>>> print(open('input_34.csv').read())   # CSV, C-alpha atoms
chain,number,residue,atom,x,y,z
A,1,MET,CA,0.0,0.0,0.0
A,2,ASP,CA,2.9,2.3,0.7
A,3,VAL,CA,4.1,1.8,-2.9
A,4,LEU,CA,0.8,2.9,-4.3
A,5,GLU,CA,0.7,5.9,-1.9
A,6,ALA,CA,4.1,6.9,-3.1
A,7,ILE,CA,3.1,6.6,-6.8
A,8,ALA,CA,-0.1,8.6,-6.1
A,9,LEU,CA,1.9,11.4,-4.5
A,10,ASP,CA,4.8,11.4,-7.0
A,11,PRO,CA,4.7,14.6,-9.1
A,12,LYS,CA,6.0,12.7,-12.2
A,13,TYR,CA,2.7,10.7,-12.3
A,14,HIS,CA,0.5,13.7,-11.7
A,15,ASP,CA,-0.6,14.4,-15.3
A,16,VAL,CA,-1.4,10.7,-15.9
A,17,LEU,CA,-3.2,10.2,-12.6
A,18,THR,CA,-5.5,13.3,-13.3
A,19,ILE,CA,-7.0,11.1,-16.1
A,20,LEU,CA,-7.8,8.4,-13.5
A,21,LYS,CA,-9.2,10.9,-11.0
A,22,GLY,CA,-11.3,12.6,-13.8
A,23,PHE,CA,-12.8,9.3,-14.7
A,24,ARG,CA,-13.6,8.6,-11.0
A,25,ASN,CA,-15.1,12.0,-10.5
A,26,GLY,CA,-17.2,11.8,-13.6
A,27,ILE,CA,-18.7,8.5,-12.5
A,28,VAL,CA,-19.4,9.8,-8.9
A,29,TYR,CA,-20.9,13.1,-10.1
A,30,GLY,CA,-23.0,11.4,-12.8
A,31,THR,CA,-24.4,9.0,-10.2
A,32,ARG,CA,-25.1,11.8,-7.7
A,33,ILE,CA,-26.9,13.8,-10.3
A,34,ARG,CA,-28.8,11.2,-12.3
A,35,PHE,CA,-29.9,8.7,-9.5
A,36,PRO,CA,-32.2,11.1,-7.6
A,37,HIS,CA,-33.5,12.6,-10.8
A,38,ALA,CA,-34.3,9.2,-12.3
A,39,LEU,CA,-35.8,8.0,-9.0
A,40,VAL,CA,-38.2,10.9,-8.9
A,41,MET,CA,-39.1,10.8,-12.6
A,42,ALA,CA,-39.6,7.0,-12.6
A,43,PHE,CA,-42.0,7.1,-9.7
A,44,LEU,CA,-43.9,10.2,-10.7
A,45,PHE,CA,-44.1,9.7,-14.5
A,46,LYS,CA,-43.2,6.2,-15.6
A,47,SER,CA,-45.7,3.5,-16.0
A,48,GLY,CA,-44.9,-0.2,-15.5
A,49,SER,CA,-44.0,-2.4,-12.6
A,50,THR,CA,-41.8,-1.3,-9.7
A,51,MET,CA,-39.1,-3.6,-11.1
A,52,ASP,CA,-39.3,-1.8,-14.5
A,53,LYS,CA,-38.9,1.5,-12.7
A,54,PHE,CA,-35.8,0.3,-10.9
A,55,ARG,CA,-34.4,-1.0,-14.2
A,56,TYR,CA,-34.9,2.5,-15.7
A,57,ILE,CA,-33.3,4.2,-12.7
A,58,PHE,CA,-30.3,1.9,-13.0
A,59,ARG,CA,-29.9,2.3,-16.8
A,60,ALA,CA,-30.2,6.0,-16.7
A,61,THR,CA,-27.8,6.4,-13.8
A,62,LYS,CA,-25.3,4.0,-15.3
A,63,GLN,CA,-25.4,5.9,-18.7
A,64,HIS,CA,-25.1,9.3,-17.2
A,65,ALA,CA,-22.2,8.3,-14.8
A,66,ARG,CA,-20.4,6.3,-17.6
A,67,ASN,CA,-20.8,9.2,-20.1
A,68,LEU,CA,-19.3,11.8,-17.7
A,69,GLY,CA,-16.5,9.4,-16.7
A,70,VAL,CA,-15.6,8.5,-20.2
A,71,PHE,CA,-15.9,12.2,-21.3
A,72,ALA,CA,-13.5,13.2,-18.5
A,73,THR,CA,-11.1,10.4,-19.6
A,74,ILE,CA,-11.1,11.5,-23.3
A,75,TYR,CA,-10.8,15.2,-22.4
A,76,LYS,CA,-8.0,14.7,-19.9
A,77,THR,CA,-6.1,12.3,-22.2
A,78,ALA,CA,-6.4,14.7,-25.2
A,79,MET,CA,-5.2,17.5,-23.0
A,80,PHE,CA,-2.2,15.4,-21.8
A,81,VAL,CA,-1.3,14.4,-25.4
A,82,GLN,CA,-1.6,18.0,-26.7
A,83,LYS,CA,0.5,19.4,-23.9
A,84,ARG,CA,3.2,16.8,-24.6
A,85,LEU,CA,3.1,17.6,-28.4
A,86,ASN,CA,3.3,21.3,-27.5
A,87,GLY,CA,6.6,21.1,-25.5
A,88,GLY,CA,4.9,20.7,-22.1
A,89,LYS,CA,2.7,23.8,-22.5
A,90,GLU,CA,-1.1,24.0,-22.6
A,91,ALA,CA,-2.7,26.3,-25.1
A,92,ASP,CA,-6.3,27.7,-24.9
A,93,ILE,CA,-7.2,25.8,-28.1
A,94,HIS,CA,-6.3,22.5,-26.4
A,95,THR,CA,-9.4,22.7,-24.2
A,96,PHE,CA,-11.6,23.3,-27.2
A,97,VAL,CA,-10.1,20.4,-29.2
A,98,ALA,CA,-10.3,18.0,-26.2
A,99,GLY,CA,-13.9,19.1,-25.6
A,100,LEU,CA,-14.8,18.5,-29.3
A,101,LEU,CA,-13.3,15.0,-29.2
A,102,GLY,CA,-15.1,14.0,-26.0
A,103,GLY,CA,-18.4,15.6,-27.0
A,104,TYR,CA,-18.4,13.8,-30.4
A,105,PHE,CA,-17.4,10.4,-29.1
A,106,VAL,CA,-19.4,10.4,-25.8
A,107,PHE,CA,-22.4,12.6,-26.4
A,108,GLY,CA,-22.8,12.2,-30.2
A,109,GLU,CA,-25.4,9.5,-29.9
A,110,ASN,CA,-28.8,11.1,-29.9
A,111,ASN,CA,-30.7,9.6,-26.9
A,112,ALA,CA,-32.7,11.0,-24.0
A,113,ILE,CA,-29.8,11.1,-21.5
A,114,ASN,CA,-27.4,12.7,-23.9
A,115,GLN,CA,-30.0,15.2,-25.1
A,116,GLN,CA,-30.6,16.3,-21.5
A,117,ILE,CA,-26.9,16.8,-20.8
A,118,VAL,CA,-26.2,18.5,-24.1
A,119,LEU,CA,-29.1,20.9,-23.8
A,120,TYR,CA,-28.1,21.7,-20.3
A,121,ILE,CA,-24.6,22.5,-21.5
A,122,PHE,CA,-25.9,24.4,-24.5
A,123,ALA,CA,-28.0,26.7,-22.3
A,124,ARG,CA,-25.1,27.4,-20.0
A,125,VAL,CA,-22.8,28.1,-22.9
A,126,ALA,CA,-25.2,30.4,-24.5
A,127,ILE,CA,-25.6,32.4,-21.3
A,128,ALA,CA,-21.8,32.5,-20.8
A,129,LEU,CA,-21.2,33.6,-24.4
A,130,VAL,CA,-23.5,36.6,-23.8
A,131,LYS,CA,-21.6,37.6,-20.7
A,132,VAL,CA,-18.1,37.4,-22.3
A,133,PRO,CA,-18.2,40.7,-24.1
A,134,VAL,CA,-19.3,42.5,-21.0
A,135,LYS,CA,-16.6,40.8,-18.9
A,136,ARG,CA,-14.0,41.8,-21.4
A,137,GLN,CA,-15.4,45.3,-21.4
A,138,ILE,CA,-16.1,45.1,-25.1
A,139,ILE,CA,-19.7,46.3,-24.4
A,140,ASP,CA,-21.4,47.8,-21.4
A,141,ALA,CA,-23.8,45.5,-19.6
A,142,PRO,CA,-27.2,46.0,-21.1
A,143,GLN,CA,-30.0,46.8,-18.7
A,144,HIS,CA,-33.2,44.8,-18.4
A,145,THR,CA,-32.1,42.1,-20.8
A,146,TYR,CA,-33.2,39.1,-18.7
A,147,PRO,CA,-36.9,40.0,-18.8
A,148,VAL,CA,-36.7,40.3,-22.6
A,149,PHE,CA,-34.8,37.0,-22.8
A,150,ALA,CA,-37.4,35.3,-20.7
A,151,ALA,CA,-40.3,36.8,-22.7
A,152,VAL,CA,-38.8,35.7,-26.0
A,153,CYS,CA,-38.1,32.2,-24.8
A,154,TRP,CA,-41.6,31.8,-23.5
A,155,GLY,CA,-43.2,33.4,-26.5
A,156,LEU,CA,-41.3,31.1,-28.8
A,157,VAL,CA,-42.0,27.9,-26.8
A,158,MET,CA,-45.8,28.7,-26.7
A,159,TYR,CA,-45.8,29.5,-30.4
A,160,LEU,CA,-44.0,26.2,-31.2
A,161,PHE,CA,-46.3,24.3,-28.9
A,162,LYS,CA,-49.4,25.7,-30.7
A,163,ARG,CA,-48.0,25.4,-34.3
A,164,ASP,CA,-45.4,22.6,-34.3
A,165,ALA,CA,-45.6,20.7,-31.0
A,166,ASP,CA,-44.1,17.6,-32.5
A,167,THR,CA,-40.8,19.5,-32.8
A,168,LEU,CA,-40.5,20.0,-29.1
A,169,GLN,CA,-38.7,17.6,-26.8
A,170,PRO,CA,-41.2,14.9,-25.6
A,171,SER,CA,-41.0,15.6,-21.9
A,172,LEU,CA,-41.4,19.4,-22.5
A,173,ARG,CA,-44.3,18.7,-24.8
A,174,ALA,CA,-45.9,16.3,-22.2
A,175,SER,CA,-45.7,18.9,-19.5
A,176,MET,CA,-47.1,21.6,-21.7
A,177,GLN,CA,-49.9,19.3,-22.8
A,178,TYR,CA,-50.8,18.7,-19.1
A,179,ILE,CA,-50.7,22.4,-18.1
A,180,TYR,CA,-52.1,24.2,-21.2
A,181,ARG,CA,-54.2,21.7,-23.2
A,182,ASP,CA,-55.6,19.3,-20.5
A,183,SER,CA,-56.8,22.4,-18.5
A,184,ASP,CA,-59.2,23.2,-21.4
A,185,SER,CA,-61.6,20.4,-20.6
A,186,TRP,CA,-63.3,18.7,-17.6
A,187,ASP,CA,-66.5,16.8,-17.2
A,188,SER,CA,-67.2,17.3,-13.5
A,189,LEU,CA,-66.2,19.3,-10.5
A,190,ARG,CA,-63.9,16.5,-9.6
A,191,THR,CA,-62.0,16.7,-12.9
A,192,LEU,CA,-62.0,20.5,-12.7
A,193,ILE,CA,-60.4,20.7,-9.3
A,194,TRP,CA,-59.0,17.4,-8.0
A,195,HIS,CA,-58.1,15.1,-10.9
A,196,ASN,CA,-56.9,16.0,-14.4
A,197,LYS,CA,-59.1,13.4,-16.1
>>> encode(input="input_34.csv", output="structure tokens")
Amino acid sequence: MDVLEAIALDPKYHDVLTILKGFRNGIVYGTRIRFPHALVMAFLFKSGSTMDKFRYIFRATKQHARNLGVFATIYKTAMFVQKRLNGGKEADIHTFVAGLLGGYFVFGENNAINQQIVLYIFARVAIALVKVPVKRQIIDAPQHTYPVFAAVCWGLVMYLFKRDADTLQPSLRASMQYIYRDSDSWDSLRTLIWHNK
């Protein structure tokens, strides 16, 4: 055990061991994030037996955790290789290239888990890109932009729901159906107030 401890703390192995720790942290974080989400979604919205729900929870958690772990491994490996090829120096472009590789190979398959993760990342990236010119003092911070942003987003989603609902992501479409279309009809006081249908 002392030998392993010595290797873990030896600076010459640091760059390689960051790959291992990145994989580990991706697995742990993916499990922490997906398990409670899948648990709640399965028991609130999934039909089927309890065993089917637990299978869904396990599959969703496994995929999310594996994807984050594998992405971290590809990203950190690509960073390591690029740094070595660049004389031991990191360049800003290395992070972009490493992210492209990981994004393509890990999140390139179009499935429900990947869509959620990629859309989450896309939203955060879009917000960050809007902030960059202000941070770099290229432009002054515009006033009252968030209310306009919120209004445009909600206006567009409601328009799309009315005109082209099939283009919206299924869980968004289902929640909008429940809130906005199912509330248009009832056949008793019970289905007006207590039950949806």
>>> residues_near_point(input="input_34.csv", point="(-5.4, 17.8, -22.3)", cutoff="10 Å", atoms="only C-alpha atoms", output="ChimeraX atom specification")
/A:15,19,73-84,90-91,94-99
>>> residues_around(input="input_34.csv", residues="Ile117 (chain A)", least_positions_apart="5", cutoff="10 Å", atoms="all atoms listed in the file", output="list in words")
His64, Asn67, Leu68, Phe107, Ala112 and Phe122 of chain A
>>> closest_residue(input="input_34.csv", among="A:Met1, A:Val70, A:Arg32, A:Gln137", to="Leu20 (chain A)", atoms="only C-alpha atoms")
A:Val70
>>> closest_residue(input="input_34.csv", among="A:Ala72, A:Leu85, A:Ala151, A:Ile93", to="Val106 (chain A)", atoms="all atoms listed in the file")
A:Ala72
>>> atom_distance(input="input_34.csv", atom1="CA of Ala65 (chain A)", atom2="CA of Thr31 (chain A)")
5.1 Å
>>> atom_distance(input="input_34.csv", atom1="CA of Arg124 (chain A)", atom2="CA of Leu17 (chain A)")
28.8 Å
>>> residues_around(input="input_34.csv", residues="region 170-182 of chain A", least_positions_apart="4", cutoff="12 Å", atoms="only C-alpha atoms", output="CSV table (one decimal) with C-alpha atoms, in the frame of the given file")
chain,number,residue,atom,x,y,z
A,41,MET,CA,-39.1,10.8,-12.6
A,45,PHE,CA,-44.1,9.7,-14.5
A,46,LYS,CA,-43.2,6.2,-15.6
A,111,ASN,CA,-30.7,9.6,-26.9
A,112,ALA,CA,-32.7,11.0,-24.0
A,115,GLN,CA,-30.0,15.2,-25.1
A,116,GLN,CA,-30.6,16.3,-21.5
A,154,TRP,CA,-41.6,31.8,-23.5
A,157,VAL,CA,-42.0,27.9,-26.8
A,158,MET,CA,-45.8,28.7,-26.7
A,159,TYR,CA,-45.8,29.5,-30.4
A,160,LEU,CA,-44.0,26.2,-31.2
A,161,PHE,CA,-46.3,24.3,-28.9
A,162,LYS,CA,-49.4,25.7,-30.7
A,164,ASP,CA,-45.4,22.6,-34.3
A,165,ALA,CA,-45.6,20.7,-31.0
A,166,ASP,CA,-44.1,17.6,-32.5
A,186,TRP,CA,-63.3,18.7,-17.6
A,187,ASP,CA,-66.5,16.8,-17.2
A,191,THR,CA,-62.0,16.7,-12.9
A,192,LEU,CA,-62.0,20.5,-12.7
A,195,HIS,CA,-58.1,15.1,-10.9
A,196,ASN,CA,-56.9,16.0,-14.4
A,197,LYS,CA,-59.1,13.4,-16.1
>>> residues_around(input="input_34.csv", residues="Ala42 (chain A)", least_positions_apart="4", cutoff="7 Å", atoms="all atoms listed in the file", output="number ranges by chain")
A: 38, 46, 53, 57
>>> closest_residue(input="input_34.csv", among="A:Ile113, A:Val28, A:Leu9, A:Val40", to="Ala60 (chain A)", atoms="all atoms listed in the file")
A:Ile113
